[in-house]
file query.txt (compact mmCIF, C-alpha atoms)
# COMPACT_ATOMS: atom_id res chain seq x y z
CA GLY A 1 0.00 0.00 0.00
CA ASN A 2 2.75 2.46 0.91
CA THR A 3 4.64 1.73 -2.31
CA PHE A 4 1.45 2.22 -4.32
CA HIS A 5 0.79 5.61 -2.74
CA LYS A 6 4.40 6.70 -3.25
CA CYS A 7 4.17 5.76 -6.92
CA VAL A 8 0.89 7.64 -7.32
CA ASP A 9 2.39 10.74 -5.69
CA ALA A 10 5.46 10.57 -7.94
CA ILE A 11 3.45 10.04 -11.13
CA LEU A 12 0.97 12.82 -10.40
CA GLY A 13 3.82 15.08 -9.32
CA ASN A 14 5.65 14.57 -12.61
CA GLY A 15 2.52 14.98 -14.69
CA ILE A 16 0.22 12.53 -16.45
CA SER A 17 -2.57 12.63 -19.03
CA LYS A 18 -5.25 10.23 -20.24
CA HIS A 19 -2.88 9.33 -23.07
CA SER A 20 -0.07 8.31 -20.72
CA CYS A 21 1.18 4.73 -20.48
CA ILE A 22 2.41 2.83 -17.43
CA VAL A 23 5.30 0.51 -18.34
CA SER A 24 6.34 -2.24 -15.94
CA LEU A 25 9.89 -3.57 -16.11
CA GLY A 26 10.37 -6.48 -13.73
CA GLY A 27 8.68 -9.54 -12.33
CA GLY A 28 5.24 -10.44 -11.04
CA VAL A 29 5.16 -7.95 -8.16
CA VAL A 30 6.19 -5.07 -10.41
CA ASN A 31 3.76 -6.21 -13.13
CA ASN A 32 0.89 -6.31 -10.61
CA LEU A 33 1.75 -2.97 -8.99
CA CYS A 34 1.91 -1.24 -12.37
CA GLY A 35 -1.33 -2.93 -13.35
CA VAL A 36 -3.12 -1.45 -10.34
CA LEU A 37 -1.57 1.95 -11.06
CA ALA A 38 -2.69 1.84 -14.70
CA SER A 39 -6.20 0.71 -13.77
CA THR A 40 -6.75 3.46 -11.19
CA LEU A 41 -4.90 6.57 -12.40
CA TYR A 42 -7.32 8.73 -14.37
CA ARG A 43 -9.70 5.74 -14.17
CA GLY A 44 -7.46 3.83 -16.54
CA VAL A 45 -4.46 4.50 -18.75
CA SER A 46 -2.50 2.27 -21.12
CA LEU A 47 -0.44 -0.58 -19.65
CA VAL A 48 2.64 -2.32 -21.06
CA HIS A 49 4.45 -5.17 -19.33
CA ILE A 50 8.12 -5.85 -20.07
CA THR A 51 8.34 -8.88 -17.84
CA THR A 52 11.64 -10.36 -16.70
CA THR A 53 10.85 -13.29 -14.40
CA SER A 54 9.22 -16.69 -14.70
CA MET A 55 6.34 -15.55 -12.49
CA GLY A 56 5.73 -12.66 -14.87
CA MET A 57 6.08 -14.63 -18.10
CA LEU A 58 4.09 -17.66 -16.98
CA ASP A 59 1.39 -15.93 -14.95
CA ALA A 60 1.30 -12.32 -13.72
CA ALA A 61 1.98 -10.39 -16.93
CA ILE A 62 -0.29 -12.47 -19.17
CA ASP A 63 -3.18 -12.36 -16.71
CA PHE A 64 -5.60 -9.46 -16.30
CA LYS A 65 -5.87 -9.73 -12.51
CA GLN A 66 -3.87 -6.85 -11.03
CA ALA A 67 -3.50 -6.67 -7.25
CA PHE A 68 -1.31 -6.08 -4.24
CA ASN A 69 -1.41 -7.46 -0.73
CA HIS A 70 -2.96 -6.18 2.49
CA SER A 71 -1.95 -7.03 6.05
CA CYS A 72 -5.00 -9.32 6.21
CA GLY A 73 -4.07 -11.41 3.19
CA LYS A 74 -2.97 -11.83 -0.43
CA ASN A 75 -4.21 -9.83 -3.43
CA LEU A 76 -7.02 -8.06 -1.58
CA ILE A 77 -6.67 -4.71 -3.40
CA GLY A 78 -6.73 -4.50 -7.18
CA ALA A 79 -8.69 -4.64 -10.40
CA TYR A 80 -9.34 -6.66 -13.55
CA TYR A 81 -7.29 -4.78 -16.15
CA PRO A 82 -5.50 -6.41 -19.10
CA ALA A 83 -2.25 -5.03 -20.50
CA ASP A 84 -2.23 -3.46 -23.96
CA LEU A 85 1.11 -5.08 -24.78
CA ILE A 86 3.26 -7.78 -23.16
CA VAL A 87 6.96 -8.19 -23.99
CA MET A 88 9.04 -11.18 -22.87
CA ASP A 89 12.31 -12.89 -23.77
CA PRO A 90 12.74 -16.36 -22.18
CA GLU A 91 16.54 -16.01 -22.41
CA VAL A 92 16.30 -13.41 -19.64
CA LEU A 93 15.18 -16.20 -17.30
CA THR A 94 18.66 -17.73 -17.37
CA THR A 95 19.83 -14.80 -15.21
CA LEU A 96 17.54 -15.87 -12.35
CA THR A 97 18.37 -18.18 -9.48
CA ASP A 98 16.95 -21.71 -9.61
CA ARG A 99 14.55 -20.81 -6.81
CA HIS A 100 13.12 -17.82 -8.64
CA LEU A 101 12.86 -19.77 -11.89
CA LEU A 102 10.88 -22.51 -10.15
CA ASN A 103 8.71 -19.83 -8.54
CA GLY A 104 6.93 -19.15 -11.82
CA ILE A 105 7.09 -22.73 -13.03
CA ALA A 106 4.73 -23.60 -10.17
CA GLU A 107 2.05 -21.51 -11.87
CA ALA A 108 2.65 -23.30 -15.17
CA LEU A 109 2.39 -26.64 -13.35
CA LYS A 110 -0.93 -25.53 -11.89
CA HIS A 111 -2.39 -25.12 -15.37
CA ALA A 112 -0.79 -28.37 -16.48
CA LEU A 113 -2.36 -30.37 -13.65
CA ALA A 114 -5.76 -28.86 -14.37
CA GLN A 115 -5.72 -28.83 -18.16
CA SER A 116 -2.97 -30.62 -20.05
CA TRP A 117 -0.86 -33.77 -19.71
CA ASP A 118 1.23 -32.47 -22.61
CA LEU A 119 2.17 -29.42 -20.57
CA VAL A 120 2.86 -31.66 -17.55
CA ASN A 121 5.38 -33.57 -19.64
CA THR A 122 6.94 -30.39 -21.05
CA ILE A 123 7.50 -29.04 -17.54
CA VAL A 124 8.33 -32.07 -15.44
CA GLU A 125 10.07 -34.75 -17.48
CA PRO A 126 13.13 -32.66 -18.53
CA LEU A 127 13.61 -31.66 -14.88
CA ARG A 128 13.08 -35.20 -13.64
CA ASN A 129 15.66 -36.56 -16.09
CA GLY A 130 18.12 -33.67 -16.31
CA GLY A 131 17.80 -31.88 -12.98
CA LYS A 132 18.43 -28.18 -12.33
CA PRO A 133 20.77 -27.65 -15.35
CA VAL A 134 17.63 -27.85 -17.53
CA LEU A 135 16.60 -24.50 -16.07
CA ARG A 136 19.47 -22.92 -18.08
CA ASP A 137 18.31 -24.48 -21.38
CA GLY A 138 16.91 -21.77 -23.64
CA LYS A 139 14.86 -24.24 -25.69
CA TYR A 140 13.25 -25.63 -22.54
CA LEU A 141 12.38 -22.13 -21.31
CA GLU A 142 10.96 -21.05 -24.67
CA ALA A 143 8.79 -24.18 -24.92
CA LEU A 144 7.68 -23.69 -21.32
CA CYS A 145 6.55 -20.09 -21.98
CA LYS A 146 4.89 -20.86 -25.31
CA GLU A 147 2.93 -23.89 -24.15
CA THR A 148 1.88 -22.33 -20.83
CA ILE A 149 0.51 -19.25 -22.59
CA GLU A 150 -1.39 -21.45 -25.05
CA VAL A 151 -3.01 -23.34 -22.17
CA LYS A 152 -3.60 -20.35 -19.88
CA VAL A 153 -5.00 -17.72 -22.25
CA PRO A 154 -8.28 -19.56 -23.01
CA THR A 155 -9.11 -19.47 -19.28
CA LEU A 156 -9.04 -15.66 -19.41
CA THR A 157 -12.02 -15.57 -21.78
CA HIS A 158 -15.48 -15.00 -20.21
CA TYR A 159 -13.78 -15.30 -16.83
CA ASN A 160 -16.72 -14.11 -14.73
CA GLU A 161 -19.29 -16.15 -16.67
CA SER A 162 -17.42 -19.48 -16.62
CA ASP A 163 -17.00 -21.53 -13.44
CA PHE A 164 -14.20 -23.51 -15.09
CA ASN A 165 -12.30 -20.44 -16.29
CA GLU A 166 -12.57 -18.90 -12.83
CA SER A 167 -11.72 -22.05 -10.87
CA CYS A 168 -8.91 -23.36 -13.06
CA PRO A 169 -6.42 -20.52 -12.37
CA GLN A 170 -7.34 -20.76 -8.69
CA LEU A 171 -6.24 -24.40 -8.35
CA GLY A 172 -4.13 -24.62 -5.20
CA HIS A 173 -4.47 -20.93 -4.46
CA ALA A 174 -6.91 -20.87 -1.54
CA PRO A 175 -4.49 -22.76 0.75
CA ALA A 176 -1.46 -21.25 -1.03
CA HIS A 177 -2.44 -17.65 -0.29
CA ALA A 178 -2.96 -18.49 3.38
CA ILE A 179 0.32 -20.42 3.65
CA GLU A 180 2.28 -17.70 1.85
CA HIS A 181 0.78 -14.96 4.04
CA LEU A 182 1.58 -16.86 7.23
CA SER A 183 5.14 -17.50 6.09
CA TRP A 184 5.76 -13.74 5.88
CA HIS A 185 3.86 -12.71 9.00
CA GLN A 186 4.24 -15.51 11.55
CA GLU A 187 7.27 -15.16 13.81
CA GLY A 188 9.93 -17.77 13.17
CA ALA A 189 8.55 -18.86 9.80
CA ALA A 190 10.72 -18.96 6.68
CA PRO A 191 9.19 -16.70 3.98
CA LEU A 192 7.90 -18.58 0.95
CA LEU A 193 7.81 -17.31 -2.61
CA HIS A 194 4.35 -17.29 -4.17
CA GLY A 195 5.11 -20.24 -6.43
CA GLU A 196 6.46 -22.29 -3.53
CA ALA A 197 3.20 -21.73 -1.66
CA VAL A 198 1.22 -22.61 -4.81
CA ALA A 199 3.12 -25.90 -5.13
CA ILE A 200 2.20 -26.78 -1.55
CA GLY A 201 -1.36 -25.64 -2.24
CA LEU A 202 -1.61 -28.01 -5.21
CA CYS A 203 -0.82 -30.93 -2.92
CA VAL A 204 -3.22 -29.72 -0.21
CA SER A 205 -5.94 -29.35 -2.85
CA ALA A 206 -5.37 -32.90 -4.06
CA GLU A 207 -5.80 -34.15 -0.49
CA VAL A 208 -9.04 -32.14 -0.17
CA ALA A 209 -10.31 -33.56 -3.46
CA LEU A 210 -9.62 -37.08 -2.17
CA ILE A 211 -11.49 -36.42 1.10
CA LEU A 212 -14.47 -35.07 -0.88
CA GLY A 213 -14.47 -38.09 -3.18
CA ILE A 214 -13.60 -36.01 -6.26
CA CYS A 215 -10.33 -37.80 -7.05
CA ASP A 216 -8.66 -41.08 -6.17
CA GLU A 217 -5.44 -41.83 -4.29
CA LYS A 218 -3.52 -42.21 -7.58
CA THR A 219 -4.23 -38.56 -8.41
CA VAL A 220 -2.94 -37.46 -5.00
CA GLU A 221 0.21 -39.56 -5.42
CA GLN A 222 0.76 -38.17 -8.92
CA THR A 223 0.39 -34.60 -7.66
CA TYR A 224 3.03 -35.07 -4.96
CA ASP A 225 5.32 -36.83 -7.43
CA LEU A 226 5.04 -34.14 -10.12
CA VAL A 227 5.50 -31.26 -7.69
CA SER A 228 8.54 -32.92 -6.09
CA ALA A 229 10.07 -33.95 -9.43
CA THR A 230 9.89 -30.32 -10.55
CA GLY A 231 11.96 -29.32 -7.52
CA LEU A 232 9.21 -27.50 -5.62
CA PRO A 233 8.10 -27.96 -1.99
CA ALA A 234 5.12 -30.26 -1.47
CA TYR A 235 4.43 -30.09 2.28
CA THR A 236 3.00 -27.39 4.52
CA PRO A 237 5.61 -25.98 6.96
CA ALA A 238 5.29 -27.76 10.29
CA GLU A 239 4.92 -24.52 12.26
CA PHE A 240 1.55 -23.71 10.67
CA THR A 241 -1.51 -25.26 12.30
CA VAL A 242 -4.69 -26.15 10.45
CA GLU A 243 -6.44 -23.48 12.51
CA ASP A 244 -3.92 -20.83 11.41
CA ILE A 245 -4.43 -21.71 7.77
CA MET A 246 -8.21 -21.91 7.97
CA THR A 247 -8.45 -18.54 9.73
CA THR A 248 -6.25 -16.87 7.14
CA MET A 249 -8.27 -18.47 4.33
CA THR A 250 -11.35 -16.53 5.44
CA TYR A 251 -9.78 -13.44 3.82
CA ASP A 252 -9.60 -15.17 0.42
CA LYS A 253 -11.82 -13.38 -2.11
CA HIS A 254 -13.51 -16.67 -3.02
CA PHE A 255 -14.44 -17.38 0.63
CA VAL A 256 -18.23 -17.41 1.01
CA GLY A 257 -19.08 -18.97 4.35
CA GLN A 258 -16.42 -21.60 3.68
CA PRO A 259 -13.32 -21.87 1.49
CA ARG A 260 -14.00 -22.26 -2.23
CA MET A 261 -11.33 -24.10 -4.20
CA GLY A 262 -10.62 -25.29 -7.69
CA LEU A 263 -10.09 -29.08 -7.56
CA VAL A 264 -9.18 -31.71 -10.18
CA ASP A 265 -10.57 -35.22 -10.54
CA LYS A 266 -7.72 -36.43 -12.77
CA ILE A 267 -4.40 -34.88 -13.78
CA GLY A 268 -4.58 -32.94 -17.02
CA SER A 269 -8.37 -32.94 -17.26

call {"tool": "encode", "arguments": {"input": "query.txt", "output": "structure tokens"}}
result
Amino acid sequence: GNTFHKCVDAILGNGISKHSCIVSLGGGVVNNLCGVLASTLYRGVSLVHITTTSMGMLDAAIDFKQAFNHSCGKNLIGAYYPADLIVMDPEVLTTLTDRHLLNGIAEALKHALAQSWDLVNTIVEPLRNGGKPVLRDGKYLEALCKETIEVKVPTLTHYNESDFNESCPQLGHAPAHAIEHLSWHQEGAAPLLHGEAVAIGLCVSAEVALILGICDEKTVEQTYDLVSATGLPAYTPAEFTVEDIMTTMTYDKHFVGQPRMGLVDKIGS
């Protein structure tokens, strides 16, 4: 919130018109902040993302959901506002650490688990067989970006009218947002990146689907295997209680009397 207000003050102080354009240069946080700025200043100005991280290229920049966090929870302040232009170069991703590369890959894996076995194989099998050096392979990164965008973009159409298009991008996110928030605000906890929390959330969601009779044990086992083979965390940090997570989940925007979650019955479907 403070950063948003400082940016607004600086932009208005330097001068702006209805023909101005907000350009983001950075990763998912920068993309989202600039998206909120563009959507609110003068009730909406042009928005261009030049995105430089896996989280930006595989999720934040190509989505129209712009938001920033509040002390109560994740992504509570924002707007639906698509960018006019998105620029990305997968080669830039080779400058990131393995951890920050995997951060965005978790979002690609989310779509893969919900929609496409082909995308599952594109993401996971090279990492399972080749390990972390694959993250420096330009061809792998280009295929990852291209195929994720092809799978993700259709879910952005008629978002508010389609239960599937709304639920699919939210797979794993109800528990993930709570776990991520707690990791940054609970004393003694190790802060998690968004994608790390999403990876854990995917596994939690599979367990919930099993309890509700939506999926079978094979699907749960596959989810843990695919998340782990990618190199992402699969288990909730031991210091978080179920009560902590459930309380924090009440601030999720999809919470209506109880948590609402996207769940899968079979991988890739």

call {"tool": "residues_near_point", "arguments": {"input": "query.txt", "point": "(2.2, -29.5, -5.4)", "cutoff": "9 Å", "atoms": "all atoms listed in the file", "output": "ChimeraX atom specification"}}
result
/A:106,109-110,172,196-206,223-228,232-235

call {"tool": "closest_residue", "arguments": {"input": "query.txt", "among": "A:Asn2, A:Asn129, A:Thr53, A:Ser24", "to": "A:Thr230", "atoms": "only C-alpha atoms"}}
result
A:Asn129

call {"tool": "closest_residue", "arguments": {"input": "query.txt", "among": "A:Leu193, A:Cys72, A:Met249, A:Leu182", "to": "A:Val29", "atoms": "all atoms listed in the file"}}
result
A:Leu193

call {"tool": "axis_aligned_box", "arguments": {"input": "query.txt", "around": "stretch 94-106 of chain A", "padding_each_side": "8 Å", "output": "lines of an AutoDock Vina configuration file"}}
result
center_x = 12.3
center_y = -19.2
center_z = -12.1
size_x = 31.1
size_y = 24.8
size_z = 26.6

call {"tool": "atom_distance", "arguments": {"input": "query.txt", "atom1": "atom CA of A:Gly268", "atom2": "atom CA of A:Val92"}}
result
28.7 Å

call {"tool": "closest_residue", "arguments": {"input": "query.txt", "among": "A:Leu41, A:Val264, A:Val242, A:Leu25", "to": "A:Val8", "atoms": "all atoms listed in the file"}}
result
A:Leu41

call {"tool": "atom_distance", "arguments": {"input": "query.txt", "atom1": "atom CA of A:Ala174", "atom2": "atom CA of A:Met261"}}
result
6.1 Å

call {"tool": "residues_near_point", "arguments": {"input": "query.txt", "point": "(10.8, -24.7, -26.0)", "cutoff": "12 Å", "atoms": "only C-alpha atoms", "output": "ChimeraX atom specification"}}
result
/A:90-91,119,122-123,126,134-148

call {"tool": "closest_residue", "arguments": {"input": "query.txt", "among": "A:Ile245, A:Val36, A:Ile105, A:Ala190", "to": "A:Ala83", "atoms": "all atoms listed in the file"}}
result
A:Val36

call {"tool": "closest_residue", "arguments": {"input": "query.txt", "among": "A:Leu127, A:Leu113, A:Cys34, A:Leu93", "to": "A:Cys7", "atoms": "all atoms listed in the file"}}
result
A:Cys34

call {"tool": "atom_distance", "arguments": {"input": "query.txt", "atom1": "atom CA of A:Ala38", "atom2": "atom CA of A:Ile50"}}
result
14.3 Å
